[in-house]
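Student: Sharing final.cif (mmCIF, C-alpha atoms) below.
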```cif
data_work
#
loop_
_atom_site.label_atom_id
_atom_site.label_comp_id
_atom_site.auth_asym_id
_atom_site.auth_seq_id
_atom_site.Cartn_x
_atom_site.Cartn_y
_atom_site.Cartn_z
CA MET X 1 -67.39 -42.63 14.93
CA LYS X 2 -66.45 -38.96 15.35
CA ILE X 3 -63.85 -39.91 17.92
CA LEU X 4 -62.39 -42.51 15.53
CA LYS X 5 -62.22 -39.99 12.67
CA LEU X 6 -60.47 -37.45 14.87
CA THR X 7 -57.98 -40.05 16.00
CA LEU X 8 -57.21 -41.04 12.41
CA ILE X 9 -56.77 -37.40 11.42
CA SER X 10 -54.46 -36.79 14.38
CA LEU X 11 -52.37 -39.83 13.50
CA PHE X 12 -52.15 -38.71 9.87
CA THR X 13 -51.05 -35.21 10.94
CA ILE X 14 -48.39 -36.59 13.29
CA SER X 15 -47.18 -38.84 10.48
CA LEU X 16 -46.83 -35.88 8.10
CA VAL X 17 -44.96 -33.79 10.68
CA SER X 18 -42.68 -36.74 11.39
CA CYS X 19 -41.96 -37.16 7.67
CA LYS X 20 -41.14 -33.46 7.32
CA LYS X 21 -38.78 -33.63 10.29
CA GLU X 22 -37.13 -36.69 8.81
CA ALA X 23 -36.82 -34.96 5.46
CA LYS X 24 -35.24 -31.95 7.14
CA ALA X 25 -32.80 -34.18 8.96
CA THR X 26 -31.92 -35.88 5.69
CA ASP X 27 -31.47 -32.50 3.95
CA SER X 28 -29.25 -31.32 6.79
CA SER X 29 -27.24 -34.50 6.52
CA ASN X 30 -26.81 -33.99 2.78
CA ASP X 31 -25.74 -30.36 3.33
CA SER X 32 -23.18 -31.60 5.81
CA LEU X 33 -21.82 -34.09 3.31
CA ILE X 34 -21.67 -31.42 0.60
CA ALA X 35 -19.93 -29.00 2.96
CA LYS X 36 -17.37 -31.63 3.83
CA LYS X 37 -16.78 -32.27 0.17
CA ASP X 38 -16.48 -28.53 -0.58
CA SER X 39 -14.15 -27.95 2.35
CA VAL X 40 -11.53 -30.44 1.21
CA VAL X 41 -8.18 -28.71 1.65
CA VAL X 42 -6.37 -28.31 -1.66
CA PRO X 43 -2.68 -29.15 -1.15
CA GLU X 44 -0.28 -26.21 -1.36
CA ILE X 45 2.92 -26.48 -3.36
CA HIS X 46 6.16 -24.50 -3.63
CA LYS X 47 5.78 -22.69 -0.32
CA GLU X 48 9.41 -21.67 -0.74
CA TYR X 49 8.21 -19.13 -3.33
CA TYR X 50 5.78 -17.46 -0.92
CA GLY X 51 6.66 -13.94 0.13
CA ILE X 52 7.09 -10.34 -0.99
CA TYR X 53 8.90 -9.37 -4.19
CA MET X 54 9.64 -5.66 -4.46
CA GLY X 55 11.34 -3.41 -6.98
CA ASP X 56 10.96 -1.21 -10.05
CA PHE X 57 7.77 -0.87 -12.06
CA ALA X 58 8.72 1.06 -15.20
CA GLY X 59 6.78 2.33 -18.19
CA LYS X 60 6.95 5.02 -20.84
CA GLU X 61 4.81 8.09 -20.21
CA MET X 62 4.55 11.62 -21.54
CA ILE X 63 6.54 13.90 -19.25
CA THR X 64 5.89 17.63 -18.94
CA PRO X 65 8.96 19.44 -17.57
CA GLU X 66 8.78 22.82 -15.83
CA ILE X 67 10.77 24.28 -18.72
CA GLY X 68 10.73 22.92 -22.25
CA GLU X 69 8.46 20.73 -24.34
CA GLU X 70 6.63 17.57 -23.39
CA TYR X 71 8.48 14.34 -24.19
CA GLU X 72 8.14 10.58 -23.75
CA GLY X 73 10.36 9.06 -21.09
CA ASP X 74 10.67 6.20 -18.63
CA VAL X 75 8.81 6.64 -15.35
CA TYR X 76 9.85 4.40 -12.46
CA LYS X 77 7.58 3.46 -9.58
CA LYS X 78 7.93 0.96 -6.76
CA ILE X 79 5.76 -2.15 -6.67
CA SER X 80 5.31 -5.09 -4.31
CA LEU X 81 3.97 -8.48 -5.37
CA LYS X 82 3.05 -10.76 -2.50
CA ILE X 83 2.58 -14.48 -3.23
CA ASN X 84 0.29 -15.89 -0.52
CA ARG X 85 -0.68 -19.34 -1.79
CA ILE X 86 0.19 -21.70 -4.65
CA THR X 87 -1.73 -24.87 -5.56
CA LYS X 88 -1.63 -27.09 -8.60
CA ASP X 89 -4.33 -25.01 -10.30
CA SER X 90 -4.10 -21.53 -8.78
CA VAL X 91 -1.92 -18.79 -7.34
CA TYR X 92 -3.26 -16.17 -4.92
CA GLY X 93 -1.70 -12.91 -3.79
CA GLN X 94 -1.77 -9.14 -4.03
CA SER X 95 -0.04 -6.25 -5.72
CA ILE X 96 0.71 -2.87 -4.14
CA VAL X 97 1.68 0.18 -6.19
CA ASN X 98 1.06 3.88 -5.45
CA GLY X 99 -0.54 2.78 -2.18
CA ASN X 100 -3.22 0.77 -4.03
CA GLN X 101 -3.61 -2.83 -2.89
CA ARG X 102 -5.14 -5.19 -5.47
CA PRO X 103 -5.73 -8.95 -5.15
CA PHE X 104 -4.68 -11.22 -7.98
CA ARG X 105 -5.22 -14.82 -9.00
CA GLY X 106 -3.38 -16.82 -11.60
CA VAL X 107 -1.39 -19.94 -12.43
CA PHE X 108 2.16 -21.17 -11.97
CA ASN X 109 4.05 -23.10 -14.65
CA GLU X 110 6.42 -25.44 -12.83
CA GLU X 111 8.37 -26.27 -15.99
CA THR X 112 9.22 -22.65 -16.89
CA LYS X 113 8.97 -21.29 -13.33
CA SER X 114 6.69 -18.51 -14.53
CA PHE X 115 3.51 -16.89 -13.24
CA VAL X 116 0.51 -15.43 -15.07
CA LEU X 117 -1.39 -13.32 -12.53
CA ASP X 118 -4.62 -11.39 -13.17
CA GLU X 119 -5.94 -8.54 -11.07
CA PRO X 120 -9.78 -8.49 -10.75
CA GLY X 121 -10.41 -6.13 -13.69
CA ASN X 122 -12.97 -3.92 -11.93
CA ASP X 123 -10.51 -1.04 -11.55
CA LYS X 124 -9.22 1.00 -14.48
CA ALA X 125 -5.61 0.32 -13.44
CA ASP X 126 -5.96 -3.49 -13.26
CA GLY X 127 -3.98 -5.73 -15.55
CA ARG X 128 -2.07 -8.98 -16.05
CA PHE X 129 1.40 -9.80 -14.71
CA GLU X 130 3.55 -12.24 -16.67
CA VAL X 131 6.69 -12.83 -14.62
CA LYS X 132 9.45 -15.41 -14.45
CA LEU X 133 11.12 -16.64 -11.28
CA ASN X 134 14.90 -16.83 -11.10
CA ASN X 135 16.21 -17.68 -7.63
CA ASP X 136 14.97 -14.78 -5.47
CA SER X 137 13.99 -12.44 -8.30
CA LEU X 138 10.93 -11.92 -10.48
CA THR X 139 11.20 -10.26 -13.88
CA GLY X 140 8.65 -9.73 -16.59
CA LYS X 141 5.89 -7.39 -17.72
CA TRP X 142 2.46 -6.06 -16.86
CA ASN X 143 -0.25 -5.26 -19.42
CA ALA X 144 -3.28 -3.12 -18.59
CA PHE X 145 -6.68 -4.62 -19.38
CA ASN X 146 -7.95 -1.16 -20.36
CA LYS X 147 -5.07 0.31 -22.33
CA SER X 148 -6.71 3.70 -22.86
CA ALA X 149 -7.36 4.23 -19.13
CA VAL X 150 -3.73 4.41 -17.98
CA LYS X 151 -0.71 6.48 -18.98
CA ALA X 152 1.57 3.48 -19.49
CA PRO X 153 -0.39 0.35 -20.50
CA LEU X 154 2.80 -1.74 -20.67
CA LYS X 155 5.28 -1.83 -17.80
CA THR X 156 8.32 -3.93 -16.97
CA LEU X 157 9.13 -5.37 -13.55
CA LYS X 158 12.43 -6.18 -11.85
CA LEU X 159 11.74 -7.43 -8.34
CA ILE X 160 13.79 -8.92 -5.52
CA LYS X 161 12.37 -11.08 -2.72
CA LYS X 162 12.31 -9.23 0.59
CA GLU X 163 11.23 -10.17 4.07
CA PHE X 164 9.02 -7.74 5.96
CA VAL X 165 10.13 -7.17 9.54
CA TYR X 166 8.74 -4.66 12.02
CA ASN X 167 11.57 -2.92 13.83
CA PRO X 168 10.87 0.10 16.08
CA ASN X 169 14.46 1.28 15.48
CA PHE X 170 13.96 1.95 11.76
CA MET X 171 14.54 5.62 10.90
CA LEU X 172 15.21 7.80 7.86
CA ASN X 173 18.91 8.00 7.05
CA GLU X 174 20.71 11.30 7.59
CA ASP X 175 21.59 11.48 3.89
CA ASN X 176 17.93 11.14 2.84
CA ASP X 177 16.28 13.95 0.90
CA LEU X 178 13.94 15.85 3.26
CA ILE X 179 12.25 18.02 0.62
CA ASP X 180 8.56 17.66 -0.23
CA TRP X 181 8.78 17.89 -4.02
CA GLU X 182 5.09 17.19 -4.57
CA ASN X 183 3.62 20.37 -3.06
CA PRO X 184 5.42 23.48 -4.33
CA LYS X 185 4.01 26.84 -3.32
CA ASP X 186 4.39 30.20 -5.05
CA PHE X 187 5.67 33.17 -3.04
CA VAL X 188 5.90 36.81 -4.10
CA GLU X 189 9.45 38.06 -3.47
CA LYS X 190 10.94 41.56 -3.66
CA TYR X 191 14.32 42.67 -4.90
CA THR X 192 16.01 46.03 -5.32
CA ASP X 193 17.94 46.91 -8.48
CA GLU X 194 21.35 48.14 -7.30
CA GLU X 195 21.75 50.52 -10.23
CA THR X 196 18.32 52.16 -10.23
CA GLY X 197 17.39 51.57 -6.61
CA LYS X 198 13.97 50.51 -7.83
CA THR X 199 12.16 47.71 -5.92
CA GLU X 200 10.33 45.11 -7.99
CA THR X 201 8.52 41.85 -7.28
CA TYR X 202 8.73 38.37 -8.76
CA THR X 203 7.16 34.96 -8.08
CA ALA X 204 9.33 32.17 -6.68
CA SER X 205 8.29 28.52 -6.36
CA LYS X 206 9.36 26.98 -3.06
CA ASN X 207 9.08 23.57 -1.41
CA ARG X 208 8.53 22.41 2.14
CA ILE X 209 11.63 21.15 3.93
CA ALA X 210 11.96 19.11 7.12
CA SER X 211 14.59 19.61 9.81
CA ASP X 212 17.02 17.08 11.28
CA ALA X 213 14.52 16.50 14.12
CA VAL X 214 13.18 13.61 12.03
CA PHE X 215 16.46 11.76 12.67
CA LYS X 216 16.22 12.21 16.44
CA ILE X 217 12.58 11.69 17.44
CA ASN X 218 11.18 8.15 17.26
CA ALA X 219 7.46 7.86 17.99
CA SER X 220 7.70 4.06 18.10
CA LYS X 221 10.17 4.06 21.01
CA GLN X 222 9.60 7.15 23.13
CA LYS X 223 6.53 8.61 24.76
CA LEU X 224 6.16 12.06 23.19
CA THR X 225 5.18 15.16 25.10
CA GLU X 226 3.95 18.57 24.04
CA LYS X 227 7.41 19.94 24.86
CA ASP X 228 8.95 17.56 22.29
CA LEU X 229 6.70 18.89 19.53
CA LYS X 230 6.05 22.56 20.18
CA ASN X 231 8.94 23.92 18.07
CA LEU X 232 8.77 21.40 15.22
CA ARG X 233 7.75 22.17 11.65
CA LYS X 234 4.58 20.68 10.24
CA LEU X 235 6.53 18.45 7.83
CA ASP X 236 8.75 17.26 10.71
CA MET X 237 5.70 16.00 12.57
CA GLU X 238 4.16 14.46 9.45
CA ILE X 239 7.35 12.45 8.88
CA ILE X 240 7.68 11.43 12.54
CA LYS X 241 4.04 10.30 12.58
CA ASN X 242 4.18 8.44 9.29
CA SER X 243 7.44 6.74 10.24
CA VAL X 244 5.31 4.78 12.73
CA PHE X 245 3.06 3.54 9.92
CA ALA X 246 5.99 2.92 7.57
CA ARG X 247 7.63 0.62 10.13
CA HIS X 248 4.45 -1.47 10.12
CA GLY X 249 4.44 -1.69 6.31
CA TYR X 250 1.68 0.79 5.53
CA ALA X 251 1.18 1.40 1.79
CA PHE X 252 1.09 5.19 1.44
CA LYS X 253 -1.22 6.69 -1.16
CA LYS X 254 0.39 10.13 -0.86
CA GLN X 255 3.42 10.46 -3.11
CA THR X 256 5.06 12.84 -0.60
CA TYR X 257 5.36 10.11 2.04
CA ARG X 258 6.30 7.39 -0.45
CA ASN X 259 9.16 9.62 -1.64
CA PHE X 260 10.57 9.84 1.88
CA PHE X 261 10.32 6.18 2.87
CA GLU X 262 11.20 4.61 -0.48
CA GLN X 263 14.65 6.16 0.00
CA THR X 264 15.28 3.63 2.77
CA ASP X 265 16.13 -0.05 2.36
CA TRP X 266 13.77 -1.15 5.15
CA TYR X 267 10.42 0.23 3.95
CA ILE X 268 8.28 -2.60 2.52
CA PRO X 269 4.57 -1.81 1.92
CA VAL X 270 2.40 -4.79 2.84
CA SER X 271 -1.03 -3.40 3.71
CA ASN X 272 -3.28 -0.36 3.32
CA ASN X 273 -4.45 -0.62 6.94
CA VAL X 274 -2.05 -1.31 9.83
CA ASP X 275 -3.99 0.46 12.62
CA LYS X 276 -4.46 -2.76 14.60
CA ASP X 277 -0.70 -3.37 14.60
CA LEU X 278 0.24 -0.15 16.39
CA SER X 279 1.30 -0.40 20.03
CA PRO X 280 -0.66 1.59 22.66
CA MET X 281 2.24 4.08 22.92
CA GLU X 282 2.36 4.51 19.13
CA LYS X 283 -1.38 5.20 19.06
CA ASP X 284 -1.03 7.83 21.79
CA ASN X 285 1.90 9.47 19.99
CA VAL X 286 0.02 9.54 16.68
CA ALA X 287 -2.98 11.18 18.38
CA LEU X 288 -0.73 13.84 19.94
CA LEU X 289 1.05 14.48 16.64
CA ASN X 290 -2.28 14.87 14.84
CA ARG X 291 -3.28 17.58 17.32
CA PHE X 292 -0.08 19.53 16.73
CA ILE X 293 0.00 19.00 12.94
CA LYS X 294 -3.39 20.69 12.66
CA TYR X 295 -1.95 24.05 13.78
CA ALA X 296 1.74 23.76 12.87
CA GLU X 297 3.47 25.84 10.19
CA ASP X 298 5.85 24.81 7.46
CA LYS X 299 9.31 25.97 6.44
CA TYR X 300 9.66 26.68 2.71
CA ASP X 301 12.81 27.20 0.67
CA SER X 302 13.93 27.31 -2.97
CA PHE X 303 15.58 24.26 -4.52
CA GLY X 304 16.66 23.16 -7.96
CA ARG X 305 15.67 19.77 -9.24
#
```
Can you dump the structure from the file as C-alpha cells?

Tutor:
Amino acid sequence: MKILKLTLISLFTISLVSCKKEAKATDSSNDSLIAKKDSVVVPEIHKEYYGIYMGDFAGKEMITPEIGEEYEGDVYKKISLKINRITKDSVYGQSIVNGNQRPFRGVFNEETKSFVLDEPGNDKADGRFEVKLNNDSLTGKWNAFNKSAVKAPLKTLKLIKKEFVYNPNFMLNEDNDLIDWENPKDFVEKYTDEETGKTETYTASKNRIASDAVFKINASKQKLTEKDLKNLRKLDMEIIKNSVFARHGYAFKKQTYRNFFEQTDWYIPVSNNVDKDLSPMEKDNVALLNRFIKYAEDKYDSFGR
C-alpha cells in the first residue's frame, strides 16, 4: 500500500510540473503573439519632407549695451529642426539651438502642410513649434511652455532645408571675423600726457584674436606635428581643433565657437556628440592640439563693436 501511495503521489507531482511547463509555454506563446502585434511597422509617409531645416530663431529680449540704457530688441540665434520620421499619427525629430539638442514629437496636417511639434517639457527652455511647410522652407513660431523661465517666450522661425555633408576640405573663409567677442579681458594701460609729461593709467577692454594660421592648417587632412603648433596662439589652436568637430556637425554649446562657424555656409549642427565619427588621424590631431592648448597663450587687442 505504501508503494502504491508513493507512486500516486509521484504521478500527481509529475502531472503538476507538466501542467506548469505547459502553462509557461502557453504564456510564452502569448507573449510572442503580443510582441508581434506590438512590433507591427507603422507606415511612414512624406519621406520627401525628412531632413534638416536651418535658419533664424528670433525673439525680443532686453538688451544691455556697454554704454547707454537697457532696451528691448530682436535677438537672432541659429536653430536646426531635423524631421526624422512622419506617420499618419505622429512626427518625430529633434531641435538644436545654442548647442542644446532636444527631441520633439508632434503631428503633421497634410491639408495645410503644417507641423505642431512639442519638445518633452522637462527642460525650462522646452516649448511648442507651430510651423508651415512651403517647398523647402519652414516658417512659423515657437512658444515656451514655461514663459517665465526664458528671456523670449515667443520666437519666430525662418528655416531653409539643408543637407548635411561631411567634407574634410571645409575651412573658415578668409573674410570671416576671427575675434572672440564673448571673452573680453581688462588690461591696465599707461599713457603719458604730452603737455605735463605725467604718466597715468587706464583700463582697456580687449578681445582675443586669431591669426591667419586658421586658414592654412587643416587637422582633418594633414597629420600635425609639434613643429606645426609651437608658435600658434591659443585661439588659433582652439579654432583648428574645433573645425574638425564642426565638419562632422557638432552642436557647440560655447557661443565663441558658434560665432566662428555660423559665419560659414557649410556648418550644420546635427549632434551633440560626434566623437565616433572622427577619423584616426583627426583623433590624434585633436589629442595633440589639446596638449598644446593647455599651455598656449593668447593674443589680445582692442576692437570696436

Student: Hey, could you pull the box centre and edge lengths for stretch 269-273 of chain X, axis-aligned, 8 Å padding per side, all listed atoms, to one decimal in Å, as AutoDock Vina command-line options?

Tutor:
```
--center_x 0.1 --center_y -2.6 --center_z 4.4 --size_x 25.0 --size_y 20.4 --size_z 21.0
```

Student: Neighbours of X:His46 within 10 Å (all atoms listed in the file; same-chain residues fewer than 4 positions away dropped), as JSON, numbers by chain?

Tutor: {"X": [50, 85, 86, 87, 88, 108, 110]}

Student: Produce a file of the selected residues containing C-alpha atoms, as a short mmCIF file (atom, residue, chain, number, x, y, z; two decimals), in the frame of the given file.

Tutor:
```cif
data_model
loop_
_atom_site.label_atom_id
_atom_site.label_comp_id
_atom_site.auth_asym_id
_atom_site.auth_seq_id
_atom_site.Cartn_x
_atom_site.Cartn_y
_atom_site.Cartn_z
CA TYR X 50 5.78 -17.46 -0.92
CA ARG X 85 -0.68 -19.34 -1.79
CA ILE X 86 0.19 -21.70 -4.65
CA THR X 87 -1.73 -24.87 -5.56
CA LYS X 88 -1.63 -27.09 -8.60
CA PHE X 108 2.16 -21.17 -11.97
CA GLU X 110 6.42 -25.44 -12.83
#
```

Student: Any chance you could resolve the PyMOL selection byres ((chain X and resi 299) around 6) against this file and give the residues as number ranges by chain?

Tutor: X: 208-209, 298, 300

Student: Atom CA of X:Ala210 and atom CA of X:Leu232, how far apart in Å?

Tutor: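 Going from atom CA of X:Leu232 over to atom CA of X:Ala210 covers 9.0 Å.
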
Student: Can you pull out every residue within 10 Å of X:Asn183, counting only C-alpha atoms, but drop anything in the same chain fewer than 4 positions away, and send it as a PDB file with C-alpha atoms, in the frame of the given file?

Tutor:
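After the write, around-v1.pdb holds the following:
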```
ATOM      1  CA  ILE X 179      12.250  18.020   0.620  1.00  0.00           C
ATOM      2  CA  SER X 205       8.290  28.520  -6.360  1.00  0.00           C
ATOM      3  CA  LYS X 206       9.360  26.980  -3.060  1.00  0.00           C
ATOM      4  CA  ASN X 207       9.080  23.570  -1.410  1.00  0.00           C
ATOM      5  CA  ARG X 208       8.530  22.410   2.140  1.00  0.00           C
ATOM      6  CA  GLN X 255       3.420  10.460  -3.110  1.00  0.00           C
ATOM      7  CA  THR X 256       5.060  12.840  -0.600  1.00  0.00           C
TER       8      THR X 256
END
```

Student: Find the residues around X:Asp175 up to 12 Å (all atoms listed in the file counted), leave out those fewer than 2 positions away in its own chain, and share them as a list of chain:residue names.

Tutor: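 Listed by chain and then number, they are X:Met171, X:Leu172, X:Asn173, X:Asp177, X:Leu178, X:Ile179, X:Asp212, X:Val214, X:Phe215, X:Phe260, X:Gln263, X:Thr264.
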
Student: Those residues you just picked out, can you put them in a file as a PDB file, in the coordinates of the input with C-alpha atoms?

Tutor:
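Dumped to result-v8.pdb:
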```pdb
ATOM      1  CA  MET X 171      14.540   5.620  10.900  1.00  0.00           C
ATOM      2  CA  LEU X 172      15.210   7.800   7.860  1.00  0.00           C
ATOM      3  CA  ASN X 173      18.910   8.000   7.050  1.00  0.00           C
ATOM      4  CA  ASP X 177      16.280  13.950   0.900  1.00  0.00           C
ATOM      5  CA  LEU X 178      13.940  15.850   3.260  1.00  0.00           C
ATOM      6  CA  ILE X 179      12.250  18.020   0.620  1.00  0.00           C
ATOM      7  CA  ASP X 212      17.020  17.080  11.280  1.00  0.00           C
ATOM      8  CA  VAL X 214      13.180  13.610  12.030  1.00  0.00           C
ATOM      9  CA  PHE X 215      16.460  11.760  12.670  1.00  0.00           C
ATOM     10  CA  PHE X 260      10.570   9.840   1.880  1.00  0.00           C
ATOM     11  CA  GLN X 263      14.650   6.160   0.000  1.00  0.00           C
ATOM     12  CA  THR X 264      15.280   3.630   2.770  1.00  0.00           C
TER      13      THR X 264
END
```

Student: Would you kindly return, as a PyMOL selection string, each protein, DNA or RNA residue with an atom no farther than 10 Å from any atom of X:Lys77, considering all atoms listed in the file and excluding same-chain residues fewer than 6 positions away?

Tutor: chain X and resi 55-59+97-98+157+262

Student: For each of X:Thr225, X:Phe261, X:Ile67, X:Gly249, take the minimum atom-to-atom distance to X:Asn176, counting only C-alpha atoms, then give the residue where this is smallest.

Tutor: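 Closest candidate: X:Phe261.
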
Student: Using the chain letters and residue numbers of this document, give as a PyMOL selection string the residues selected by the PyMOL selection byres ((chain X and resi 106) around 7).

Tutor: chain X and resi 90-92+104-105+107+116-118

Student: Kindly resolve the PyMOL selection byres ((chain X and resi 133) around 6) on the present coordinates and return the residues as an NGL selection string.

Tutor: :X and (113-114 or 132 or 134 or 137-138)
